[in-house]
$ cat start02.txt   # compact mmCIF, C-alpha atoms and all ligand atoms
# COMPACT_ATOMS: atom_id res chain seq x y z
CA MET A 1224 98.77 4.06 9.41
CA ALA A 1225 101.93 5.95 8.42
CA ASP A 1226 103.81 5.26 11.68
CA GLN A 1227 103.42 1.46 11.53
CA PRO A 1228 106.67 -0.51 11.80
CA LYS A 1229 108.01 -1.84 8.51
CA LEU A 1230 106.57 -5.14 7.37
CA ARG A 1231 109.49 -7.43 6.60
CA LEU A 1232 109.50 -9.85 3.68
CA GLY A 1233 111.23 -13.19 4.18
CA VAL A 1234 111.72 -14.97 0.88
CA ASN A 1235 111.55 -18.74 1.15
CA ILE A 1236 113.88 -20.39 -1.38
CA ASP A 1237 112.96 -24.05 -0.69
CA HIS A 1238 111.38 -24.59 -4.07
CA VAL A 1239 114.44 -23.51 -6.03
CA ALA A 1240 115.98 -26.58 -4.39
CA THR A 1241 112.90 -28.64 -5.31
CA VAL A 1242 113.56 -27.91 -9.00
CA ARG A 1243 117.29 -28.59 -8.61
CA ASN A 1244 116.64 -31.89 -6.86
CA ALA A 1245 114.24 -33.06 -9.59
CA ARG A 1246 117.36 -33.75 -11.69
CA GLY A 1247 119.79 -34.31 -8.84
CA GLY A 1248 122.29 -31.74 -10.16
CA ALA A 1249 123.63 -28.39 -9.02
CA TYR A 1250 121.16 -25.98 -10.62
CA PRO A 1251 119.10 -23.91 -10.11
CA ASP A 1252 121.16 -22.87 -7.10
CA PRO A 1253 119.18 -21.72 -4.02
CA LEU A 1254 122.13 -19.59 -2.88
CA ARG A 1255 122.02 -17.63 -6.12
CA ALA A 1256 118.28 -17.20 -5.63
CA ALA A 1257 118.89 -15.92 -2.11
CA LYS A 1258 121.36 -13.29 -3.35
CA ILE A 1259 118.86 -12.14 -6.01
CA ALA A 1260 116.14 -12.00 -3.35
CA GLU A 1261 118.35 -9.75 -1.22
CA LYS A 1262 118.84 -7.45 -4.21
CA ALA A 1263 115.07 -7.39 -4.82
CA GLY A 1264 114.37 -6.17 -1.30
CA ALA A 1265 114.00 -9.30 0.83
CA ASP A 1266 114.59 -8.51 4.48
CA GLY A 1267 115.42 -12.12 5.24
CA ILE A 1268 115.74 -15.55 3.69
CA THR A 1269 113.76 -18.55 4.89
CA ALA A 1270 114.83 -22.13 4.29
CA HIS A 1271 113.22 -25.30 5.62
CA LEU A 1272 115.61 -28.22 6.11
CA ARG A 1273 113.14 -31.09 6.05
CA GLU A 1274 114.04 -34.37 7.72
CA ASP A 1275 113.73 -36.14 4.36
CA ARG A 1276 115.85 -33.41 2.63
CA ARG A 1277 113.33 -33.22 -0.21
CA HIS A 1278 114.44 -29.72 -1.11
CA ILE A 1279 116.97 -27.77 1.00
CA SER A 1280 120.14 -29.73 1.85
CA ASP A 1281 122.58 -29.48 4.74
CA ALA A 1282 125.11 -27.95 2.32
CA ASP A 1283 122.55 -25.28 1.33
CA ILE A 1284 122.20 -24.22 4.97
CA GLU A 1285 125.96 -24.13 5.34
CA GLY A 1286 126.23 -22.01 2.18
CA LEU A 1287 123.44 -19.64 3.22
CA MET A 1288 125.13 -19.00 6.55
CA GLU A 1289 128.27 -18.01 4.62
CA VAL A 1290 126.84 -15.85 1.85
CA LEU A 1291 123.80 -14.06 3.26
CA SER A 1292 123.87 -10.40 4.19
CA VAL A 1293 120.31 -10.57 5.57
CA PRO A 1294 119.14 -12.80 8.43
CA LEU A 1295 118.40 -16.49 7.88
CA ASN A 1296 115.14 -17.88 9.23
CA PHE A 1297 115.89 -21.59 9.58
CA GLU A 1298 112.72 -23.70 9.58
CA MET A 1299 112.97 -27.14 11.12
CA ALA A 1300 111.09 -29.87 12.94
CA ALA A 1301 111.55 -30.32 16.69
CA THR A 1302 114.00 -33.22 16.43
CA ASP A 1303 117.40 -33.83 18.05
CA GLU A 1304 119.09 -33.94 14.66
CA MET A 1305 117.71 -30.52 13.67
CA GLN A 1306 118.48 -29.02 17.06
CA LYS A 1307 122.16 -30.04 16.64
CA ILE A 1308 122.29 -28.46 13.18
CA ALA A 1309 120.70 -25.23 14.45
CA LEU A 1310 123.07 -25.07 17.40
CA ARG A 1311 126.03 -25.51 15.06
CA HIS A 1312 124.98 -22.68 12.73
CA LYS A 1313 123.23 -20.36 15.20
CA PRO A 1314 120.99 -18.71 12.58
CA HIS A 1315 119.29 -15.40 13.35
CA ALA A 1316 115.94 -17.18 13.74
CA VAL A 1317 114.76 -20.74 14.15
CA CYS A 1318 111.15 -21.47 13.27
CA ILE A 1319 109.82 -24.74 14.65
CA VAL A 1320 107.36 -26.33 12.24
CA PRO A 1321 105.39 -29.60 12.29
CA GLU A 1322 106.48 -32.22 9.77
CA LYS A 1323 104.85 -35.36 8.47
CA ARG A 1324 107.03 -37.44 6.19
CA GLU A 1325 104.33 -38.15 3.59
CA GLU A 1326 102.67 -34.72 3.46
CA ARG A 1327 102.78 -32.71 0.25
CA THR A 1328 103.41 -29.52 2.19
CA THR A 1329 103.24 -28.28 5.80
CA GLU A 1330 99.62 -29.09 6.49
CA GLY A 1331 98.93 -27.45 9.81
CA GLY A 1332 100.48 -25.67 12.72
CA LEU A 1333 102.54 -27.14 15.53
CA GLU A 1334 100.56 -28.70 18.42
CA VAL A 1335 102.28 -26.60 21.09
CA ALA A 1336 99.52 -26.95 23.67
CA ARG A 1337 99.85 -30.75 23.65
CA GLU A 1338 103.66 -30.81 23.92
CA GLU A 1339 104.37 -27.82 26.07
CA ASN A 1340 107.04 -29.29 28.37
CA LYS A 1341 108.90 -31.05 25.60
CA LEU A 1342 108.94 -27.93 23.44
CA ALA A 1343 109.97 -25.65 26.30
CA HIS A 1344 113.06 -27.85 26.85
CA PHE A 1345 113.66 -28.10 23.13
CA ILE A 1346 113.77 -24.36 22.44
CA ALA A 1347 115.70 -23.30 25.56
CA PRO A 1348 119.20 -24.12 24.16
CA LEU A 1349 118.33 -22.49 20.84
CA ARG A 1350 117.45 -19.27 22.64
CA GLU A 1351 120.60 -19.51 24.78
CA ALA A 1352 122.62 -19.86 21.56
CA GLY A 1353 121.21 -16.51 20.42
CA SER A 1354 118.58 -17.57 17.86
CA ARG A 1355 115.14 -15.99 17.99
CA VAL A 1356 112.68 -18.82 18.32
CA SER A 1357 109.50 -18.71 16.31
CA ILE A 1358 106.69 -21.26 16.43
CA PHE A 1359 104.63 -22.02 13.32
CA ILE A 1360 101.03 -22.41 14.49
CA ALA A 1361 97.40 -22.23 13.42
CA ALA A 1362 95.50 -19.08 14.38
CA GLU A 1363 94.15 -20.57 17.62
CA ARG A 1364 94.15 -18.95 21.03
CA ALA A 1365 95.26 -22.14 22.87
CA GLN A 1366 98.32 -22.54 20.62
CA ILE A 1367 99.28 -18.89 20.99
CA GLU A 1368 98.99 -19.03 24.77
CA ALA A 1369 101.09 -22.19 24.85
CA ALA A 1370 103.73 -20.66 22.55
CA ASN A 1371 103.93 -17.72 24.94
CA ARG A 1372 104.24 -19.98 28.00
CA ILE A 1373 107.12 -22.00 26.54
CA GLY A 1374 109.14 -18.81 25.98
CA ALA A 1375 108.90 -18.29 22.23
CA GLU A 1376 109.55 -14.70 21.15
CA VAL A 1377 107.78 -15.01 17.83
CA ILE A 1378 104.83 -16.89 16.38
CA GLU A 1379 104.24 -17.43 12.69
CA LEU A 1380 100.56 -17.87 11.82
CA HIS A 1381 99.84 -20.50 9.16
CA THR A 1382 97.95 -18.74 6.35
CA GLY A 1383 97.40 -21.92 4.30
CA ALA A 1384 93.73 -22.47 5.18
CA TYR A 1385 92.88 -18.88 4.17
CA CYS A 1386 94.87 -19.16 0.91
CA ASP A 1387 93.37 -22.55 0.00
CA ALA A 1388 89.80 -21.31 0.60
CA PHE A 1389 90.54 -18.22 -1.50
CA ALA A 1390 92.11 -20.24 -4.34
CA GLU A 1391 89.10 -22.56 -4.45
CA GLY A 1392 86.56 -19.72 -4.39
CA ARG A 1393 85.17 -20.68 -0.98
CA TRP A 1394 84.71 -17.00 -0.13
CA ASP A 1395 82.82 -17.39 3.14
CA GLU A 1396 85.48 -19.76 4.48
CA ALA A 1397 88.24 -17.44 3.29
CA ASP A 1398 86.59 -14.64 5.28
CA VAL A 1399 86.29 -16.82 8.36
CA GLU A 1400 89.98 -17.77 8.13
CA LEU A 1401 91.00 -14.17 7.54
CA ASN A 1402 89.04 -13.03 10.59
CA LYS A 1403 90.71 -15.70 12.72
CA LEU A 1404 94.12 -14.53 11.50
CA ARG A 1405 93.21 -10.90 12.26
CA GLU A 1406 91.91 -11.61 15.75
CA MET A 1407 94.72 -13.96 16.67
CA SER A 1408 97.37 -11.48 15.42
CA ARG A 1409 95.87 -8.93 17.80
CA PHE A 1410 95.71 -11.42 20.64
CA ALA A 1411 99.33 -12.56 20.20
CA ASP A 1412 100.47 -8.95 20.08
CA THR A 1413 98.76 -8.22 23.42
CA LEU A 1414 100.85 -11.04 24.94
CA GLY A 1415 104.04 -9.39 23.66
CA LEU A 1416 104.71 -11.97 20.96
CA GLU A 1417 106.08 -10.80 17.62
CA VAL A 1418 103.66 -11.90 14.91
CA HIS A 1419 104.73 -13.33 11.55
CA ALA A 1420 102.56 -15.05 8.96
CA GLY A 1421 103.02 -17.22 5.91
CA HIS A 1422 102.26 -20.25 3.78
CA GLY A 1423 100.65 -20.23 0.38
CA LEU A 1424 100.48 -16.42 0.07
CA THR A 1425 100.11 -14.98 -3.44
CA TYR A 1426 99.65 -11.55 -5.03
CA ASP A 1427 95.89 -12.09 -4.59
CA THR A 1428 95.95 -13.06 -0.91
CA VAL A 1429 98.77 -10.97 0.53
CA THR A 1430 97.03 -7.58 0.80
CA PRO A 1431 94.62 -8.14 3.73
CA ILE A 1432 97.28 -9.95 5.77
CA ALA A 1433 99.89 -7.28 5.08
CA ALA A 1434 97.40 -4.69 6.35
CA PHE A 1435 97.22 -6.23 9.84
CA PRO A 1436 99.22 -3.74 11.92
CA GLU A 1437 100.44 -6.42 14.36
CA VAL A 1438 102.07 -8.54 11.65
CA ARG A 1439 105.78 -7.77 11.38
CA GLU A 1440 106.98 -10.30 8.83
CA LEU A 1441 105.60 -12.38 5.98
CA ASN A 1442 107.42 -15.47 4.74
CA ILE A 1443 106.60 -16.26 1.14
CA GLY A 1444 108.16 -18.81 -1.19
CA HIS A 1445 106.29 -21.25 -3.39
CA PHE A 1446 104.23 -18.66 -5.29
CA LEU A 1447 107.24 -16.38 -5.82
CA ILE A 1448 109.42 -19.15 -7.22
CA GLY A 1449 106.59 -20.13 -9.58
CA GLU A 1450 106.01 -16.54 -10.64
CA ALA A 1451 109.74 -16.14 -11.28
CA ILE A 1452 109.36 -18.55 -14.22
CA PHE A 1453 107.28 -15.89 -15.97
CA LEU A 1454 108.64 -12.61 -14.60
CA GLY A 1455 112.13 -13.42 -13.35
CA LEU A 1456 112.88 -13.71 -9.64
CA GLU A 1457 113.81 -10.10 -8.96
CA PRO A 1458 110.64 -8.57 -10.53
CA ALA A 1459 108.45 -11.26 -8.92
CA ILE A 1460 109.77 -10.36 -5.46
CA ALA A 1461 109.69 -6.62 -6.16
CA GLU A 1462 105.98 -6.87 -7.03
CA MET A 1463 105.25 -8.70 -3.76
CA ARG A 1464 107.21 -6.02 -1.89
CA ARG A 1465 105.16 -3.33 -3.67
CA LEU A 1466 101.85 -4.96 -2.73
CA MET A 1467 102.94 -5.32 0.89
CA ASP A 1468 103.99 -1.66 1.09
CA GLU A 1469 100.77 -0.53 -0.57
CA ALA A 1470 98.66 -2.56 1.91
CA ARG A 1471 100.64 -1.13 4.80
CA GLU A 1472 100.15 2.43 3.65
CA GLY A 1473 96.40 1.71 3.68
C1 LIG B 1 106.68 -24.07 7.06
C2 LIG B 1 106.38 -23.61 5.70
O1 LIG B 1 105.31 -23.14 5.43
C3 LIG B 1 107.40 -23.71 4.61
O2 LIG B 1 108.61 -24.16 5.05
C4 LIG B 1 106.92 -24.62 3.59
O3 LIG B 1 106.42 -25.73 4.28
C5 LIG B 1 107.98 -25.09 2.64
O4 LIG B 1 107.46 -25.82 1.63
P1 LIG B 1 107.05 -27.37 1.74
O5 LIG B 1 105.97 -27.49 2.78
O6 LIG B 1 106.55 -27.68 0.38
O7 LIG B 1 108.26 -28.15 2.15
N1 LIG B 2 106.71 -20.33 6.65
C1 LIG B 2 106.07 -20.12 5.39
C2 LIG B 2 107.07 -20.03 4.33
O1 LIG B 2 108.25 -19.98 4.58
C3 LIG B 2 106.65 -19.93 2.92
O2 LIG B 2 105.61 -20.80 2.57
P1 LIG B 2 105.21 -20.89 1.03
O3 LIG B 2 104.97 -19.47 0.51
O4 LIG B 2 106.36 -21.54 0.31
O5 LIG B 2 103.95 -21.69 1.03
$ encode --input "start02.txt" --output "C-alpha cells"
Amino acid sequence: MADQPKLRLGVNIDHVATVRNARGGAYPDPLRAAKIAEKAGADGITAHLREDRRHISDADIEGLMEVLSVPLNFEMAATDEMQKIALRHKPHAVCIVPEKREERTTEGGLEVAREENKLAHFIAPLREAGSRVSIFIAAERAQIEAANRIGAEVIELHTGAYCDAFAEGRWDEADVELNKLREMSRFADTLGLEVHAGHGLTYDTVTPIAAFPEVRELNIGHFLIGEAIFLGLEPAIAEMRRLMDEAREG
C-alpha cells in the first residue's frame, strides 16, 4: 500500500473552546491550540461554529482565518446565518453538519436524501465562493448518492456509531459499523467523491479506519483535547499522526 495518497489529519479544536467557555474567559485559547496542532503535523484545522455558540465563537473563526497556515474546515449547520458567515470568510472547506439544539454532540449524519433540493441550493453559492463543500453523513448508500447528486465534492462519514460500540465493548456491532464504513467508503470513491471520516475517534479506534485506502482525511478533536491534559497537545497529536501513518503503511 506504499503508493496510497497521504491520509490528512484535521485537528478539531472545538473542545478547547468548551473549556474556555466553562469560565467565560479568554483561556485556553483555541487559536493557540490550532498553531500547536500545525506544529504537531495537522494538515488542517476543523472548527464547528454551532448555532448556540456553545464552544467556538464568531471571533474564533475570524481569528483562525487570520492566523492559520493550514486550511480551515469550517463545520456548520445549513442555516442562512451560517451561510452568510461562510461566504464572508470563504474558508478552504465547509462541512455541512446536522444540528439539534439540545443534543450533547452531533448525533447522526445529515438527512441529505430528504432535503436534496434545499441543500443543492444551499451549497451552490458556497462552491461558487471557492469553498470545497463536504457533507457529514452516516455510512448509508442513499445519503451518499444524494450528496453526489447535490454537487458535494466531499463526504465525511460519521464514525460515532462505530466508536460508541467499540467503547462499550459491543464488538459485533462495532464490526458491523466498521464494515458499513468500509463498504460505503469504497462506494463513495467509485462515484468520484472524496471520502473523509470522523467523530469520536481515539487511539484505539483510528487504525482500521485509517487503513481504508479511499479515506483521504480524518477529523479528530474531542479525544485529542482530552489526551492533551495528560500528554500535552503536541505529543497527543503526534501519536495520532503516528498511528495513522502506521495503519496506512499496512
Ligand atoms: C461534526 C462533528 O463531529 C464535530 O463538529 C463535533 O460535533 C464537535 O463537537 P460537538 O458535537 O461536541 O459540538
Ligand atoms: N467532524 C468530526 C470532527 O471534527 C471531530 O469530532 P470529535 O473527534 O471531536 O468527536
$ residues_near_ligand --input "start02.txt" --ligand "ligand LIG 2 (chain B)" --cutoff "9 Å" --atoms "all atoms listed in the file" --output "NGL selection string"
:A and (1233-1238 or 1268-1271 or 1296 or 1298 or 1318 or 1320 or 1328-1329 or 1359 or 1379-1383 or 1419-1425 or 1441-1448)
$ residues_around --input "start02.txt" --residues "Asn1402 in chain A" --least-positions-apart "5" --cutoff "12 Å" --atoms "all atoms listed in the file" --output "list in words"
Ala1362, Glu1363, Thr1382, Ala1384, Tyr1385, Asp1395, Glu1396, Ala1397, Met1407, Ser1408, Arg1409, Pro1431, Ile1432 and Phe1435 of chain A
$ write_last_selection --input "start02.txt" --atoms "C-alpha atoms" --output "tab-separated table (two decimals), in the coordinates of the input"
chain	number	residue	atom	x	y	z
A	1362	ALA	CA	95.50	-19.08	14.38
A	1363	GLU	CA	94.15	-20.57	17.62
A	1382	THR	CA	97.95	-18.74	6.35
A	1384	ALA	CA	93.73	-22.47	5.18
A	1385	TYR	CA	92.88	-18.88	4.17
A	1395	ASP	CA	82.82	-17.39	3.14
A	1396	GLU	CA	85.48	-19.76	4.48
A	1397	ALA	CA	88.24	-17.44	3.29
A	1407	MET	CA	94.72	-13.96	16.67
A	1408	SER	CA	97.37	-11.48	15.42
A	1409	ARG	CA	95.87	-8.93	17.80
A	1431	PRO	CA	94.62	-8.14	3.73
A	1432	ILE	CA	97.28	-9.95	5.77
A	1435	PHE	CA	97.22	-6.23	9.84
$ axis_aligned_box --input "start02.txt" --around "range 1415-1420 of chain A" --padding-each-side "3 Å" --output "lines of an AutoDock Vina configuration file"
center_x = 104.3
center_y = -12.2
center_z = 16.3
size_x = 9.5
size_y = 11.7
size_z = 20.7
$ atom_distance --input "start02.txt" --atom1 "CA of Leu1456 in chain A" --atom2 "CA of Glu1391 in chain A"
25.9 Å
$ residues_near_point --input "start02.txt" --point "(116.3, -23.4, 13.5)" --cutoff "9 Å" --atoms "all atoms listed in the file" --output "compact mmCIF listing (two decimals) with C-alpha atoms, in the frame of the given file"
# COMPACT_ATOMS: atom_id res chain seq x y z
CA HIS A 1271 113.22 -25.30 5.62
CA LEU A 1272 115.61 -28.22 6.11
CA ASN A 1296 115.14 -17.88 9.23
CA PHE A 1297 115.89 -21.59 9.58
CA GLU A 1298 112.72 -23.70 9.58
CA MET A 1299 112.97 -27.14 11.12
CA ALA A 1300 111.09 -29.87 12.94
CA ALA A 1301 111.55 -30.32 16.69
CA MET A 1305 117.71 -30.52 13.67
CA GLN A 1306 118.48 -29.02 17.06
CA ILE A 1308 122.29 -28.46 13.18
CA ALA A 1309 120.70 -25.23 14.45
CA LEU A 1310 123.07 -25.07 17.40
CA HIS A 1312 124.98 -22.68 12.73
CA LYS A 1313 123.23 -20.36 15.20
CA PRO A 1314 120.99 -18.71 12.58
CA HIS A 1315 119.29 -15.40 13.35
CA ALA A 1316 115.94 -17.18 13.74
CA VAL A 1317 114.76 -20.74 14.15
CA CYS A 1318 111.15 -21.47 13.27
CA ILE A 1319 109.82 -24.74 14.65
CA LEU A 1349 118.33 -22.49 20.84
CA SER A 1354 118.58 -17.57 17.86
CA ARG A 1355 115.14 -15.99 17.99
CA VAL A 1356 112.68 -18.82 18.32
CA SER A 1357 109.50 -18.71 16.31
$ build_atoms --input "start02.txt" --residues "range 1379-1408 of chain A" --atoms "N, CA and C atoms" --output "PDB file, in the coordinates of the input"
ATOM      1  N   GLU A1379     104.591 -17.629  14.099  1.00  0.00           N
ATOM      2  CA  GLU A1379     104.240 -17.430  12.690  1.00  0.00           C
ATOM      3  C   GLU A1379     102.893 -18.113  12.461  1.00  0.00           C
ATOM      4  N   LEU A1380     101.903 -17.327  12.049  1.00  0.00           N
ATOM      5  CA  LEU A1380     100.560 -17.870  11.820  1.00  0.00           C
ATOM      6  C   LEU A1380     100.484 -18.511  10.436  1.00  0.00           C
ATOM      7  N   HIS A1381      99.972 -19.725  10.400  1.00  0.00           N
ATOM      8  CA  HIS A1381      99.840 -20.500   9.160  1.00  0.00           C
ATOM      9  C   HIS A1381      98.676 -19.918   8.345  1.00  0.00           C
ATOM     10  N   THR A1382      98.986 -19.368   7.175  1.00  0.00           N
ATOM     11  CA  THR A1382      97.950 -18.740   6.350  1.00  0.00           C
ATOM     12  C   THR A1382      97.387 -19.694   5.284  1.00  0.00           C
ATOM     13  N   GLY A1383      97.782 -20.961   5.349  1.00  0.00           N
ATOM     14  CA  GLY A1383      97.400 -21.920   4.300  1.00  0.00           C
ATOM     15  C   GLY A1383      95.903 -22.125   4.155  1.00  0.00           C
ATOM     16  N   ALA A1384      95.172 -22.198   5.269  1.00  0.00           N
ATOM     17  CA  ALA A1384      93.730 -22.470   5.180  1.00  0.00           C
ATOM     18  C   ALA A1384      93.022 -21.297   4.485  1.00  0.00           C
ATOM     19  N   TYR A1385      93.436 -20.083   4.824  1.00  0.00           N
ATOM     20  CA  TYR A1385      92.880 -18.880   4.170  1.00  0.00           C
ATOM     21  C   TYR A1385      93.209 -18.908   2.671  1.00  0.00           C
ATOM     22  N   CYS A1386      94.455 -19.193   2.332  1.00  0.00           N
ATOM     23  CA  CYS A1386      94.870 -19.160   0.910  1.00  0.00           C
ATOM     24  C   CYS A1386      94.175 -20.268   0.110  1.00  0.00           C
ATOM     25  N   ASP A1387      94.036 -21.452   0.717  1.00  0.00           N
ATOM     26  CA  ASP A1387      93.370 -22.550   0.000  1.00  0.00           C
ATOM     27  C   ASP A1387      91.906 -22.202  -0.260  1.00  0.00           C
ATOM     28  N   ALA A1388      91.219 -21.668   0.768  1.00  0.00           N
ATOM     29  CA  ALA A1388      89.800 -21.310   0.600  1.00  0.00           C
ATOM     30  C   ALA A1388      89.660 -20.248  -0.485  1.00  0.00           C
ATOM     31  N   PHE A1389      90.577 -19.288  -0.489  1.00  0.00           N
ATOM     32  CA  PHE A1389      90.540 -18.220  -1.500  1.00  0.00           C
ATOM     33  C   PHE A1389      90.754 -18.806  -2.896  1.00  0.00           C
ATOM     34  N   ALA A1390      91.762 -19.671  -3.026  1.00  0.00           N
ATOM     35  CA  ALA A1390      92.110 -20.240  -4.340  1.00  0.00           C
ATOM     36  C   ALA A1390      90.964 -21.064  -4.902  1.00  0.00           C
ATOM     37  N   GLU A1391      90.199 -21.694  -3.995  1.00  0.00           N
ATOM     38  CA  GLU A1391      89.100 -22.560  -4.450  1.00  0.00           C
ATOM     39  C   GLU A1391      87.763 -21.830  -4.496  1.00  0.00           C
ATOM     40  N   GLY A1392      87.776 -20.519  -4.288  1.00  0.00           N
ATOM     41  CA  GLY A1392      86.560 -19.720  -4.390  1.00  0.00           C
ATOM     42  C   GLY A1392      85.573 -19.961  -3.258  1.00  0.00           C
ATOM     43  N   ARG A1393      86.048 -20.498  -2.147  1.00  0.00           N
ATOM     44  CA  ARG A1393      85.170 -20.680  -0.980  1.00  0.00           C
ATOM     45  C   ARG A1393      85.226 -19.378  -0.169  1.00  0.00           C
ATOM     46  N   TRP A1394      84.516 -18.362  -0.647  1.00  0.00           N
ATOM     47  CA  TRP A1394      84.710 -17.000  -0.130  1.00  0.00           C
ATOM     48  C   TRP A1394      84.338 -16.850   1.333  1.00  0.00           C
ATOM     49  N   ASP A1395      83.230 -17.518   1.737  1.00  0.00           N
ATOM     50  CA  ASP A1395      82.820 -17.390   3.140  1.00  0.00           C
ATOM     51  C   ASP A1395      83.895 -17.968   4.063  1.00  0.00           C
ATOM     52  N   GLU A1396      84.429 -19.138   3.660  1.00  0.00           N
ATOM     53  CA  GLU A1396      85.480 -19.760   4.480  1.00  0.00           C
ATOM     54  C   GLU A1396      86.742 -18.905   4.494  1.00  0.00           C
ATOM     55  N   ALA A1397      87.047 -18.310   3.339  1.00  0.00           N
ATOM     56  CA  ALA A1397      88.240 -17.440   3.290  1.00  0.00           C
ATOM     57  C   ALA A1397      88.071 -16.292   4.278  1.00  0.00           C
ATOM     58  N   ASP A1398      86.859 -15.738   4.332  1.00  0.00           N
ATOM     59  CA  ASP A1398      86.590 -14.640   5.280  1.00  0.00           C
ATOM     60  C   ASP A1398      86.726 -15.085   6.722  1.00  0.00           C
ATOM     61  N   VAL A1399      86.194 -16.278   6.989  1.00  0.00           N
ATOM     62  CA  VAL A1399      86.290 -16.820   8.360  1.00  0.00           C
ATOM     63  C   VAL A1399      87.766 -16.967   8.738  1.00  0.00           C
ATOM     64  N   GLU A1400      88.546 -17.550   7.838  1.00  0.00           N
ATOM     65  CA  GLU A1400      89.980 -17.770   8.130  1.00  0.00           C
ATOM     66  C   GLU A1400      90.711 -16.438   8.300  1.00  0.00           C
ATOM     67  N   LEU A1401      90.351 -15.487   7.455  1.00  0.00           N
ATOM     68  CA  LEU A1401      91.000 -14.170   7.540  1.00  0.00           C
ATOM     69  C   LEU A1401      90.671 -13.499   8.879  1.00  0.00           C
ATOM     70  N   ASN A1402      89.426 -13.621   9.302  1.00  0.00           N
ATOM     71  CA  ASN A1402      89.040 -13.030  10.590  1.00  0.00           C
ATOM     72  C   ASN A1402      89.786 -13.671  11.749  1.00  0.00           C
ATOM     73  N   LYS A1403      89.946 -15.016  11.663  1.00  0.00           N
ATOM     74  CA  LYS A1403      90.710 -15.700  12.720  1.00  0.00           C
ATOM     75  C   LYS A1403      92.144 -15.163  12.752  1.00  0.00           C
ATOM     76  N   LEU A1404      92.740 -15.020  11.565  1.00  0.00           N
ATOM     77  CA  LEU A1404      94.120 -14.530  11.500  1.00  0.00           C
ATOM     78  C   LEU A1404      94.212 -13.118  12.072  1.00  0.00           C
ATOM     79  N   ARG A1405      93.211 -12.288  11.758  1.00  0.00           N
ATOM     80  CA  ARG A1405      93.210 -10.900  12.260  1.00  0.00           C
ATOM     81  C   ARG A1405      93.121 -10.872  13.786  1.00  0.00           C
ATOM     82  N   GLU A1406      92.131 -11.627  14.292  1.00  0.00           N
ATOM     83  CA  GLU A1406      91.910 -11.610  15.750  1.00  0.00           C
ATOM     84  C   GLU A1406      93.088 -12.214  16.499  1.00  0.00           C
ATOM     85  N   MET A1407      93.623 -13.300  15.966  1.00  0.00           N
ATOM     86  CA  MET A1407      94.720 -13.960  16.670  1.00  0.00           C
ATOM     87  C   MET A1407      96.040 -13.169  16.558  1.00  0.00           C
ATOM     88  N   SER A1408      96.196 -12.375  15.493  1.00  0.00           N
ATOM     89  CA  SER A1408      97.370 -11.480  15.420  1.00  0.00           C
ATOM     90  C   SER A1408      97.291 -10.463  16.544  1.00  0.00           C
TER      91      SER A1408
END
